[in-house]
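Below is coords_18.txt, which holds compact mmCIF, C-alpha atoms and all ligand atoms.
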# COMPACT_ATOMS: atom_id res chain seq x y z
CA MET O 1373 0.00 0.00 0.00
CA ALA O 1374 1.24 3.46 -0.77
CA LYS O 1375 2.41 5.39 2.27
CA SER O 1376 0.29 8.29 3.50
CA THR O 1377 1.68 11.75 2.96
CA ILE O 1378 2.95 14.11 5.66
CA LEU O 1379 3.75 17.77 5.15
CA SER O 1380 5.21 20.40 7.40
CA GLY O 1381 7.19 23.59 7.18
CA ILE O 1382 9.52 25.58 9.36
CA ARG O 1383 10.24 29.30 9.10
CA PRO O 1384 13.89 30.17 8.51
CA THR O 1385 14.40 32.74 11.22
CA GLY O 1386 17.93 31.87 12.31
CA GLY O 1387 19.11 29.20 14.69
CA LEU O 1388 16.68 26.66 16.07
CA HIS O 1389 16.57 25.82 19.77
CA LEU O 1390 16.05 22.59 21.67
CA GLY O 1391 12.32 23.31 21.92
CA ASN O 1392 12.12 23.34 18.11
CA TYR O 1393 14.19 20.19 17.97
CA LEU O 1394 12.21 18.13 20.50
CA GLY O 1395 8.85 19.57 19.49
CA ALA O 1396 9.21 19.36 15.73
CA LEU O 1397 12.42 18.30 14.08
CA GLN O 1398 13.00 15.08 16.00
CA ASN O 1399 9.46 14.06 15.19
CA PHE O 1400 9.90 14.91 11.49
CA VAL O 1401 12.89 12.57 11.45
CA LYS O 1402 10.94 9.67 12.99
CA LEU O 1403 7.96 10.14 10.66
CA GLN O 1404 10.18 9.35 7.68
CA ASP O 1405 10.00 5.65 8.53
CA GLU O 1406 6.25 5.48 8.14
CA TYR O 1407 5.23 8.22 5.75
CA GLN O 1408 5.99 9.86 2.47
CA CYS O 1409 7.23 13.18 3.84
CA PHE O 1410 7.32 16.67 2.37
CA TYR O 1411 9.26 19.15 4.48
CA PHE O 1412 9.88 22.69 3.42
CA ILE O 1413 11.61 25.88 4.46
CA ALA O 1414 8.75 28.37 4.80
CA ASP O 1415 10.75 31.37 3.63
CA LEU O 1416 7.73 33.33 2.35
CA HIS O 1417 6.36 33.07 5.88
CA ALA O 1418 9.46 34.75 7.28
CA LEU O 1419 8.73 38.12 5.66
CA ASN O 1420 5.88 39.31 7.87
CA GLU O 1421 8.16 40.26 10.75
CA SER O 1422 11.18 42.52 10.78
CA PHE O 1423 14.21 40.85 9.23
CA ASP O 1424 17.51 41.56 7.51
CA PRO O 1425 17.35 40.83 3.76
CA GLN O 1426 21.15 40.46 3.73
CA LYS O 1427 20.81 37.47 6.03
CA LYS O 1428 17.63 35.80 4.81
CA TYR O 1429 19.12 33.49 2.18
CA ALA O 1430 21.85 32.35 4.56
CA GLN O 1431 19.11 31.50 7.06
CA VAL O 1432 17.34 29.40 4.44
CA LEU O 1433 20.50 27.38 3.81
CA ASP O 1434 21.20 27.20 7.52
CA THR O 1435 17.74 25.78 8.24
CA ALA O 1436 18.12 23.24 5.43
CA ALA O 1437 21.52 22.18 6.79
CA THR O 1438 20.00 21.85 10.28
CA PHE O 1439 17.24 19.60 8.94
CA ILE O 1440 19.68 17.30 7.19
CA ALA O 1441 22.17 17.28 10.07
CA ALA O 1442 19.33 16.34 12.43
CA GLY O 1443 18.44 13.33 10.30
CA ILE O 1444 16.06 14.40 7.54
CA ASP O 1445 17.18 12.24 4.64
CA PRO O 1446 16.68 14.14 1.39
CA LYS O 1447 16.63 10.85 -0.52
CA ARG O 1448 13.65 9.51 1.40
CA SER O 1449 11.91 12.81 2.09
CA THR O 1450 11.24 15.74 -0.19
CA LEU O 1451 13.04 18.74 1.28
CA PHE O 1452 12.34 21.96 -0.57
CA VAL O 1453 12.11 25.74 -0.38
CA GLN O 1454 8.65 27.32 -0.47
CA SER O 1455 9.57 30.44 -2.48
CA HIS O 1456 11.15 28.30 -5.23
CA LEU O 1457 7.69 27.01 -6.15
CA PRO O 1458 5.40 29.82 -7.38
CA GLU O 1459 2.43 27.43 -7.02
CA HIS O 1460 2.28 28.25 -3.30
CA ALA O 1461 1.62 31.94 -3.94
CA GLN O 1462 -0.71 31.20 -6.85
CA LEU O 1463 -2.90 28.80 -4.92
CA ALA O 1464 -2.96 31.26 -1.99
CA VAL O 1465 -4.36 33.99 -4.24
CA ILE O 1466 -7.07 31.66 -5.48
CA LEU O 1467 -7.96 30.40 -2.00
CA SER O 1468 -8.20 33.95 -0.69
CA ASN O 1469 -11.45 34.17 -2.66
CA VAL O 1470 -13.15 31.40 -0.70
CA ILE O 1471 -11.92 32.36 2.79
CA PRO O 1472 -13.96 34.99 4.67
CA VAL O 1473 -11.76 37.76 6.16
CA GLY O 1474 -13.55 37.24 9.47
CA TYR O 1475 -11.82 33.88 9.75
CA LEU O 1476 -8.44 35.59 9.46
CA PHE O 1477 -9.17 38.35 11.96
CA ARG O 1478 -10.12 35.81 14.56
CA MET O 1479 -6.86 33.81 14.40
CA THR O 1480 -5.25 33.85 17.84
CA GLN O 1481 -1.74 34.19 16.46
CA TYR O 1482 -2.77 37.18 14.36
CA LYS O 1483 -4.40 38.85 17.34
CA GLU O 1484 -1.32 38.27 19.48
CA LYS O 1485 1.20 39.44 16.90
CA ALA O 1486 -0.84 42.31 15.49
CA GLY O 1487 -1.98 43.34 18.94
CA LYS O 1488 1.51 44.53 19.77
CA GLN O 1489 1.33 47.14 17.03
CA ALA O 1490 -0.73 50.24 16.70
CA GLN O 1491 -4.13 49.52 15.16
CA GLY O 1492 -4.04 49.00 11.44
CA ASN O 1493 -0.25 48.95 11.39
CA ALA O 1494 0.19 45.19 11.21
CA ASN O 1495 1.18 44.24 7.68
CA ALA O 1496 -1.35 42.45 5.50
CA GLY O 1497 1.05 39.50 5.21
CA LEU O 1498 0.52 38.76 8.89
CA LEU O 1499 -3.25 38.64 8.41
CA TYR O 1500 -2.99 36.70 5.15
CA TYR O 1501 -0.43 34.19 6.32
CA PRO O 1502 -2.92 31.43 7.21
CA VAL O 1503 -4.17 31.62 3.60
CA LEU O 1504 -0.64 31.00 2.36
CA MET O 1505 -0.28 28.22 4.88
CA ALA O 1506 -3.52 26.65 3.64
CA ALA O 1507 -2.08 26.73 0.12
CA ASP O 1508 1.20 25.18 1.36
CA ILE O 1509 -0.78 22.30 2.78
CA LEU O 1510 -3.49 21.75 0.19
CA LEU O 1511 -1.06 21.62 -2.75
CA TYR O 1512 0.30 18.28 -1.51
CA HIS O 1513 -2.89 16.48 -0.36
CA PRO O 1514 -1.26 15.42 2.91
CA THR O 1515 -3.11 13.08 5.25
CA PHE O 1516 -1.34 14.59 8.25
CA VAL O 1517 0.31 17.89 9.13
CA PRO O 1518 2.59 17.57 12.17
CA VAL O 1519 2.62 20.91 14.00
CA GLY O 1520 2.72 22.31 17.50
CA ASP O 1521 -0.61 23.18 19.11
CA ASP O 1522 -0.08 26.88 18.34
CA GLN O 1523 -0.67 25.98 14.68
CA ASP O 1524 -3.89 23.99 15.15
CA GLN O 1525 -6.10 26.87 14.21
CA HIS O 1526 -4.19 27.35 10.96
CA VAL O 1527 -4.54 23.71 9.94
CA GLU O 1528 -8.22 24.02 10.76
CA LEU O 1529 -8.41 27.00 8.41
CA ALA O 1530 -6.80 24.87 5.68
CA ARG O 1531 -9.57 22.30 6.23
CA ASP O 1532 -12.21 25.03 6.03
CA ALA O 1533 -10.64 26.38 2.86
CA ALA O 1534 -10.67 22.91 1.27
CA GLY O 1535 -14.34 22.57 2.22
CA PHE O 1536 -15.33 25.97 0.84
CA PHE O 1537 -13.41 25.33 -2.37
CA ASN O 1538 -14.79 21.82 -2.92
CA ARG O 1539 -18.38 22.87 -2.27
CA ARG O 1540 -18.16 25.72 -4.71
CA PHE O 1541 -16.04 24.12 -7.46
CA GLY O 1542 -16.29 20.34 -6.91
CA GLU O 1543 -14.12 17.77 -5.09
CA THR O 1544 -10.52 18.85 -5.60
CA LEU O 1545 -8.69 19.39 -2.33
CA VAL O 1546 -8.12 16.85 0.43
CA PHE O 1547 -8.86 17.57 4.12
CA PRO O 1548 -5.64 17.50 6.16
CA LYS O 1549 -5.51 16.38 9.79
CA THR O 1550 -3.23 17.74 12.48
CA LEU O 1551 -0.73 15.28 13.89
CA HIS O 1552 0.30 16.05 17.44
CA THR O 1553 3.51 14.82 18.91
CA ASN O 1554 3.76 13.63 22.45
CA ALA O 1555 6.95 15.64 22.80
CA PRO O 1556 6.97 17.72 25.97
CA ARG O 1557 6.83 21.47 25.82
CA VAL O 1558 10.32 22.69 26.51
CA MET O 1559 10.15 25.70 28.79
CA SER O 1560 12.29 28.83 28.98
CA LEU O 1561 15.41 28.54 31.16
CA LEU O 1562 14.83 31.88 32.85
CA ASP O 1563 11.03 31.98 32.90
CA PRO O 1564 10.01 28.31 33.08
CA ASN O 1565 6.30 29.04 33.08
CA LYS O 1566 6.65 30.14 29.46
CA LYS O 1567 7.49 28.04 26.42
CA MET O 1568 11.13 28.26 25.25
CA SER O 1569 11.01 30.84 22.50
CA LYS O 1570 13.47 33.00 20.67
CA THR O 1571 11.34 36.07 21.19
CA LEU O 1572 11.93 35.85 24.95
CA GLY O 1573 15.67 36.36 24.39
CA GLY O 1574 18.81 34.32 23.80
CA ASP O 1575 19.46 33.29 27.38
CA HIS O 1576 16.00 31.72 27.63
CA CYS O 1577 16.96 29.17 24.96
CA LEU O 1578 19.47 26.42 24.36
CA ASN O 1579 20.26 26.64 20.66
CA LEU O 1580 21.33 23.81 18.41
CA ASP O 1581 24.28 25.98 17.36
CA ASP O 1582 25.45 26.90 20.86
CA PRO O 1583 29.04 25.87 21.60
CA PRO O 1584 29.59 23.72 24.73
CA GLU O 1585 30.69 26.67 26.85
CA GLU O 1586 27.52 28.58 26.01
CA ILE O 1587 25.31 25.62 26.94
CA ARG O 1588 27.14 25.40 30.25
CA ARG O 1589 26.80 29.13 30.92
CA LYS O 1590 23.08 29.25 30.12
CA LEU O 1591 22.27 26.15 32.17
CA SER O 1592 24.23 27.42 35.12
CA ARG O 1593 21.94 30.46 35.17
CA ALA O 1594 18.71 28.49 34.61
CA VAL O 1595 16.00 29.07 37.19
CA THR O 1596 15.20 26.02 39.32
CA ASP O 1597 13.01 27.55 41.99
CA THR O 1598 10.38 29.91 40.62
CA GLY O 1599 9.22 30.76 44.14
CA ASP O 1600 5.59 29.98 43.20
CA GLY O 1601 5.69 26.38 44.38
CA SER O 1602 5.19 25.13 40.80
CA GLY O 1603 8.63 23.56 40.56
CA ALA O 1604 8.42 24.41 36.85
CA GLY O 1605 12.14 25.18 36.47
CA ALA O 1606 13.36 21.97 38.05
CA LYS O 1607 10.77 19.92 36.15
CA ASN O 1608 11.89 21.42 32.89
CA LEU O 1609 15.54 20.55 33.50
CA ILE O 1610 14.70 16.98 34.53
CA SER O 1611 12.49 16.56 31.50
CA LEU O 1612 15.38 17.74 29.30
CA LEU O 1613 17.67 15.30 31.04
CA ALA O 1614 15.23 12.49 30.23
CA HIS O 1615 15.75 13.28 26.54
CA PHE O 1616 19.48 13.54 26.43
CA ALA O 1617 20.99 11.46 29.24
CA ASP O 1618 21.24 7.70 29.76
CA ALA O 1619 18.55 5.93 31.79
CA LYS O 1620 20.70 5.51 34.87
CA THR O 1621 21.52 9.20 35.17
CA VAL O 1622 17.88 10.12 34.64
CA GLN O 1623 16.78 7.69 37.34
CA ARG O 1624 19.36 8.97 39.79
CA PHE O 1625 18.21 12.58 39.47
CA SER O 1626 14.51 11.73 39.38
CA GLU O 1627 14.86 9.82 42.63
CA ALA O 1628 16.85 12.62 44.21
CA ALA O 1629 14.19 15.11 43.12
CA ALA O 1630 11.42 12.98 44.65
CA ALA O 1631 13.41 12.63 47.88
CA LYS O 1632 14.16 16.37 47.79
CA THR O 1633 17.89 15.65 48.12
CA ILE O 1634 18.63 16.82 44.58
CA ARG O 1635 21.53 19.20 44.05
CA TYR O 1636 20.72 21.44 41.17
CA SER O 1637 24.35 22.30 40.44
CA GLU O 1638 24.96 18.59 39.81
CA LEU O 1639 21.84 18.25 37.71
CA LYS O 1640 22.98 21.19 35.60
CA LEU O 1641 26.42 19.67 35.07
CA ALA O 1642 24.95 16.32 34.04
CA LEU O 1643 22.55 18.08 31.69
CA THR O 1644 25.33 20.22 30.20
CA ASP O 1645 27.33 17.09 29.51
CA SER O 1646 24.54 15.13 27.91
CA ILE O 1647 23.31 18.00 25.75
CA ASN O 1648 26.80 18.77 24.54
CA ARG O 1649 27.37 15.13 23.71
CA PHE O 1650 24.18 15.17 21.67
CA LEU O 1651 24.98 18.45 19.91
CA ALA O 1652 28.60 17.77 18.91
CA PRO O 1653 27.92 15.35 15.99
CA LEU O 1654 24.93 17.40 14.83
CA GLN O 1655 27.02 20.58 14.74
CA GLU O 1656 29.80 18.79 12.91
CA ARG O 1657 27.46 17.43 10.20
CA LYS O 1658 25.90 20.87 9.84
CA ALA O 1659 29.26 22.64 9.46
CA GLN O 1660 30.20 20.07 6.84
CA LEU O 1661 27.02 20.75 4.86
CA LEU O 1662 27.38 24.52 5.10
CA SER O 1663 30.97 24.38 3.91
CA HIS O 1664 29.66 23.09 0.54
CA PRO O 1665 26.78 25.48 -0.20
CA LYS O 1666 26.62 24.47 -3.88
CA LYS O 1667 26.01 20.89 -2.94
CA LEU O 1668 23.38 21.91 -0.43
CA GLU O 1669 21.65 23.99 -3.10
CA GLU O 1670 21.67 20.96 -5.42
CA ILE O 1671 19.98 18.86 -2.74
CA LEU O 1672 17.30 21.52 -2.38
CA ALA O 1673 16.88 21.82 -6.15
CA THR O 1674 16.19 18.08 -6.30
CA GLY O 1675 13.55 18.52 -3.60
CA ASP O 1676 12.07 21.56 -5.40
CA ALA O 1677 11.70 19.49 -8.58
CA ARG O 1678 10.03 16.60 -6.77
CA ALA O 1679 7.65 18.85 -4.85
CA GLY O 1680 7.08 20.97 -7.96
CA LYS O 1681 5.56 18.04 -9.85
CA VAL O 1682 2.92 17.49 -7.18
CA ALA O 1683 2.26 21.22 -6.74
CA ALA O 1684 1.91 21.83 -10.48
CA LYS O 1685 -0.61 19.02 -10.84
CA THR O 1686 -2.79 20.34 -7.98
CA LEU O 1687 -2.61 23.92 -9.25
CA SER O 1688 -3.56 22.81 -12.75
CA ASP O 1689 -6.60 20.93 -11.35
CA VAL O 1690 -7.56 24.02 -9.37
CA LEU O 1691 -7.19 26.35 -12.36
CA LYS O 1692 -9.44 24.08 -14.41
CA LYS O 1693 -12.04 23.89 -11.67
CA VAL O 1694 -12.27 27.67 -11.31
CA GLY O 1695 -12.46 28.06 -15.08
CA LEU O 1696 -9.15 29.81 -15.72
CA CYS O 1697 -8.01 27.17 -18.19
CA ARG O 1698 -9.31 24.15 -20.06
N1 LIG O 1701 3.15 28.53 10.31
C1 LIG O 1701 4.12 27.52 10.66
C2 LIG O 1701 4.90 28.01 11.89
O1 LIG O 1701 5.01 29.20 12.12
C3 LIG O 1701 5.07 27.23 9.54
C4 LIG O 1701 4.32 26.74 8.34
C5 LIG O 1701 4.09 27.45 7.20
C6 LIG O 1701 3.71 25.48 8.18
N2 LIG O 1701 3.39 26.69 6.31
C7 LIG O 1701 3.12 25.49 6.90
C8 LIG O 1701 3.60 24.36 9.00
C9 LIG O 1701 2.41 24.39 6.41
C10 LIG O 1701 2.87 23.27 8.50
C11 LIG O 1701 2.30 23.29 7.23
O2 LIG O 1701 5.45 27.20 12.60

How does the structure come out when it is put into structure tokens?
Amino acid sequence: MAKSTILSGIRPTGGLHLGNYLGALQNFVKLQDEYQCFYFIADLHALNESFDPQKKYAQVLDTAATFIAAGIDPKRSTLFVQSHLPEHAQLAVILSNVIPVGYLFRMTQYKEKAGKQAQGNANAGLLYYPVLMAADILLYHPTFVPVGDDQDQHVELARDAAGFFNRRFGETLVFPKTLHTNAPRVMSLLDPNKKMSKTLGGDHCLNLDDPPEEIRRKLSRAVTDTGDGSGAGAKNLISLLAHFADAKTVQRFSEAAAAKTIRYSELKLALTDSINRFLAPLQERKAQLLSHPKKLEEILATGDARAGKVAAKTLSDVLKKVGLCR
């Protein structure tokens, strides 16, 4: 039986952190065994916030190198760059005619991001971005879209868009389902009641690119006691340990935590060690890939071509259905 299709994208906004890795990337790698996977660098989605155009292309290559270094196999999976396939933008324009603006204004992420700016100042790309995301998804007829829960609403909009389109123009687009991972939410090191996120600041995150000394420094400053009785900081560190250390070490610290005899300085050292041991080979593979940018671009061009075939077929079906061609 043919494998079901998976699709997901990641925005190239500079280095990824361990929250991105455990929440998304690690899962993308595992899914390759069971599914036909399409993974893409969502570079068109990276333009609705402030950014440096001088750095954007390097960030695209950097994200691609991170994917491959983390275990995405470009032979088994289709790894491509969104902006290289004009079909994404074309389908988005068409879909925008079946999606009510009210649906866009009520997106939580839009309200949060636009809310920080003076009224009416948010760029239209921010409002429109779920339409583009719906196009990203619907072009490939995926059965599942693995995303974090902050993206649920956007996948739901893609389903709505498929429904509106199909009802108006006839069965064309397939309804995608969200695929949740059971990966834990990795929390900020300095504010462990919040999710680890780049927007909080560099010292809140452990980045995949951080050298060993930086991992040590950040962990040594990580909050263990939040003073609110939640134990969120300590829990976060132990949960990270469970991902990166051997079973015996994890058991030792879990028992010490339960018995309240845990020494956080020791926990932090053990965690520093295990994270650095995990990061070293990944960083080496990544450096290797980035030192041959031409080769990396060839890998992406192969992915673009493979994805392009599927995208072109869907777009051509859509164009026929709406009566723009025969
Ligand atoms: N919006 C997603 C994010 O910010 C990235 C993304 C863009 C995406 N297009 C997608 C994810 C399509 C899944 C499918 O994380």

* To do: Give as a ChimeraX atom specification each residue that has an atom at most 10 Å from (12.9, 20.3, 30.5) in the file, counting only C-alpha atoms.
  => /O:1390-1391,1556-1561,1564,1568,1604-1615,1643

* Test item: residues lying within 8 Å of ligand LIG 1701 (chain O) with only C-alpha atoms and all ligand atoms, as a list in words ->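 I would give the residues around ligand LIG 1701 (chain O) as Leu1379, Ser1380, Gly1381, Ile1382, Arg1383, Ala1414, His1417, Tyr1501, Pro1502, Leu1504, Met1505, Ala1506, Asp1508, Ile1509, Val1517, Pro1518, Val1519, Gly1520, Asp1522, Gln1523, His1526 and Val1527 of chain O.
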
* CA of Thr1644 (chain O) and CA of Pro1584 (chain O) are how many Å apart? ->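 Distance reported for this atom pair: 7.8 Å.
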
* Residue nearest Ala1684 (chain O) among O:Tyr1475, O:Tyr1512, O:Thr1450, O:Gln1489 (counting only C-alpha atoms) -> O:Tyr1512

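Using all atoms listed in the file, the shortest contact distance between Phe1616 (chain O) and any of O:Lys1375, O:Gly1492, O:Lys1570, O:Tyr1393 is found at O:Tyr1393.
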
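The interatomic distance for the pair CA of Val1694 (chain O) and CA of Pro1458 (chain O) works out to 18.2 Å.
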
* Calculate how many Å separate CA of Ala1659 (chain O) from CA of Thr1571 (chain O), rounding to one decimal. => 25.3 Å

Contacts of region 1534-1548 of chain O at 12 Å (all atoms listed in the file; same-chain gap of 4+ positions) as a CSV table (one decimal) with C-alpha atoms, in the frame of the given file:
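So the final result, stored in selection_13.csv, reads:
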chain,number,residue,atom,x,y,z
O,1376,SER,CA,0.3,8.3,3.5
O,1377,THR,CA,1.7,11.8,3.0
O,1378,ILE,CA,3.0,14.1,5.7
O,1379,LEU,CA,3.8,17.8,5.2
O,1380,SER,CA,5.2,20.4,7.4
O,1463,LEU,CA,-2.9,28.8,-4.9
O,1464,ALA,CA,-3.0,31.3,-2.0
O,1466,ILE,CA,-7.1,31.7,-5.5
O,1467,LEU,CA,-8.0,30.4,-2.0
O,1468,SER,CA,-8.2,34.0,-0.7
O,1469,ASN,CA,-11.4,34.2,-2.7
O,1470,VAL,CA,-13.2,31.4,-0.7
O,1471,ILE,CA,-11.9,32.4,2.8
O,1472,PRO,CA,-14.0,35.0,4.7
O,1503,VAL,CA,-4.2,31.6,3.6
O,1506,ALA,CA,-3.5,26.6,3.6
O,1507,ALA,CA,-2.1,26.7,0.1
O,1508,ASP,CA,1.2,25.2,1.4
O,1509,ILE,CA,-0.8,22.3,2.8
O,1510,LEU,CA,-3.5,21.8,0.2
O,1511,LEU,CA,-1.1,21.6,-2.8
O,1512,TYR,CA,0.3,18.3,-1.5
O,1513,HIS,CA,-2.9,16.5,-0.4
O,1514,PRO,CA,-1.3,15.4,2.9
O,1515,THR,CA,-3.1,13.1,5.2
O,1516,PHE,CA,-1.3,14.6,8.2
O,1517,VAL,CA,0.3,17.9,9.1
O,1518,PRO,CA,2.6,17.6,12.2
O,1519,VAL,CA,2.6,20.9,14.0
O,1524,ASP,CA,-3.9,24.0,15.2
O,1526,HIS,CA,-4.2,27.4,11.0
O,1527,VAL,CA,-4.5,23.7,9.9
O,1528,GLU,CA,-8.2,24.0,10.8
O,1529,LEU,CA,-8.4,27.0,8.4
O,1530,ALA,CA,-6.8,24.9,5.7
O,1683,ALA,CA,2.3,21.2,-6.7
O,1685,LYS,CA,-0.6,19.0,-10.8
O,1686,THR,CA,-2.8,20.3,-8.0
O,1687,LEU,CA,-2.6,23.9,-9.2
O,1688,SER,CA,-3.6,22.8,-12.8
O,1689,ASP,CA,-6.6,20.9,-11.4
O,1690,VAL,CA,-7.6,24.0,-9.4
O,1691,LEU,CA,-7.2,26.4,-12.4
O,1692,LYS,CA,-9.4,24.1,-14.4
O,1693,LYS,CA,-12.0,23.9,-11.7
O,1694,VAL,CA,-12.3,27.7,-11.3
O,1695,GLY,CA,-12.5,28.1,-15.1

* **Counting all atoms listed in the file, the residue of O:Tyr1636, O:Tyr1407, O:Phe1625, O:Phe1412 that sits nearest Val1453 (chain O)** =>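 Checking each of O:Tyr1636, O:Tyr1407, O:Phe1625, O:Phe1412 against Val1453 (chain O), counting all atoms listed in the file, the winner is O:Phe1412.
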
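Distances from O:Gly1386, O:Gln1525, O:Gln1398, O:Thr1621 to Tyr1429 (chain O) were compared using only C-alpha atoms, and the smallest one belongs to O:Gly1386.
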
* Asked: O:Leu1498, O:Ala1441, O:Leu1388, O:Ala1628: which is nearest Ala1418 (chain O), counting all atoms listed in the file?
  -> O:Leu1498

All heavy atoms modelled onto region 1415-1422 of chain O, as a short mmCIF file (atom, residue, chain, number, x, y, z; two decimals), in the coordinates of the input:
data_model
loop_
_atom_site.label_atom_id
_atom_site.label_comp_id
_atom_site.auth_asym_id
_atom_site.auth_seq_id
_atom_site.Cartn_x
_atom_site.Cartn_y
_atom_site.Cartn_z
N ASP O 1415 10.08 30.07 3.69
CA ASP O 1415 10.75 31.37 3.63
C ASP O 1415 9.79 32.53 3.35
O ASP O 1415 9.99 33.65 3.83
CB ASP O 1415 11.95 31.36 2.67
CG ASP O 1415 11.60 30.92 1.26
OD1 ASP O 1415 10.47 30.43 1.04
OD2 ASP O 1415 12.47 31.06 0.38
N LEU O 1416 8.70 32.25 2.60
CA LEU O 1416 7.73 33.33 2.35
C LEU O 1416 7.01 33.72 3.64
O LEU O 1416 6.48 34.81 3.76
CB LEU O 1416 6.69 32.88 1.31
CG LEU O 1416 7.17 32.73 -0.13
CD1 LEU O 1416 6.05 32.14 -0.98
CD2 LEU O 1416 7.61 34.07 -0.71
N HIS O 1417 7.00 32.79 4.59
CA HIS O 1417 6.36 33.07 5.88
C HIS O 1417 7.27 33.86 6.81
O HIS O 1417 6.86 34.21 7.91
CB HIS O 1417 5.97 31.77 6.57
CG HIS O 1417 4.75 31.13 6.01
ND1 HIS O 1417 3.48 31.58 6.28
CD2 HIS O 1417 4.60 30.08 5.18
CE1 HIS O 1417 2.60 30.82 5.64
NE2 HIS O 1417 3.26 29.89 4.97
N ALA O 1418 8.50 34.08 6.39
CA ALA O 1418 9.46 34.75 7.28
C ALA O 1418 9.52 36.25 7.00
O ALA O 1418 10.35 36.96 7.54
CB ALA O 1418 10.83 34.13 7.13
N LEU O 1419 8.62 36.71 6.10
CA LEU O 1419 8.73 38.12 5.66
C LEU O 1419 7.75 39.03 6.39
O LEU O 1419 7.79 40.24 6.20
CB LEU O 1419 8.47 38.22 4.15
CG LEU O 1419 9.31 37.29 3.26
CD1 LEU O 1419 8.98 37.53 1.79
CD2 LEU O 1419 10.80 37.49 3.50
N ASN O 1420 6.88 38.45 7.22
CA ASN O 1420 5.88 39.31 7.87
C ASN O 1420 6.33 39.91 9.19
O ASN O 1420 5.58 40.55 9.89
CB ASN O 1420 4.53 38.59 8.00
CG ASN O 1420 4.64 37.33 8.85
OD1 ASN O 1420 5.46 37.27 9.77
ND2 ASN O 1420 3.83 36.34 8.57
N GLU O 1421 7.59 39.66 9.52
CA GLU O 1421 8.16 40.26 10.75
C GLU O 1421 9.44 41.01 10.33
O GLU O 1421 9.89 40.84 9.21
CB GLU O 1421 8.49 39.17 11.76
CG GLU O 1421 9.50 38.18 11.21
CD GLU O 1421 9.63 36.91 12.02
OE1 GLU O 1421 8.87 36.72 12.98
OE2 GLU O 1421 10.50 36.11 11.69
N SER O 1422 10.00 41.78 11.23
CA SER O 1422 11.18 42.52 10.78
C SER O 1422 12.34 41.55 10.59
O SER O 1422 12.49 40.58 11.35
CB SER O 1422 11.55 43.60 11.79
OG SER O 1422 11.87 43.00 13.02
#
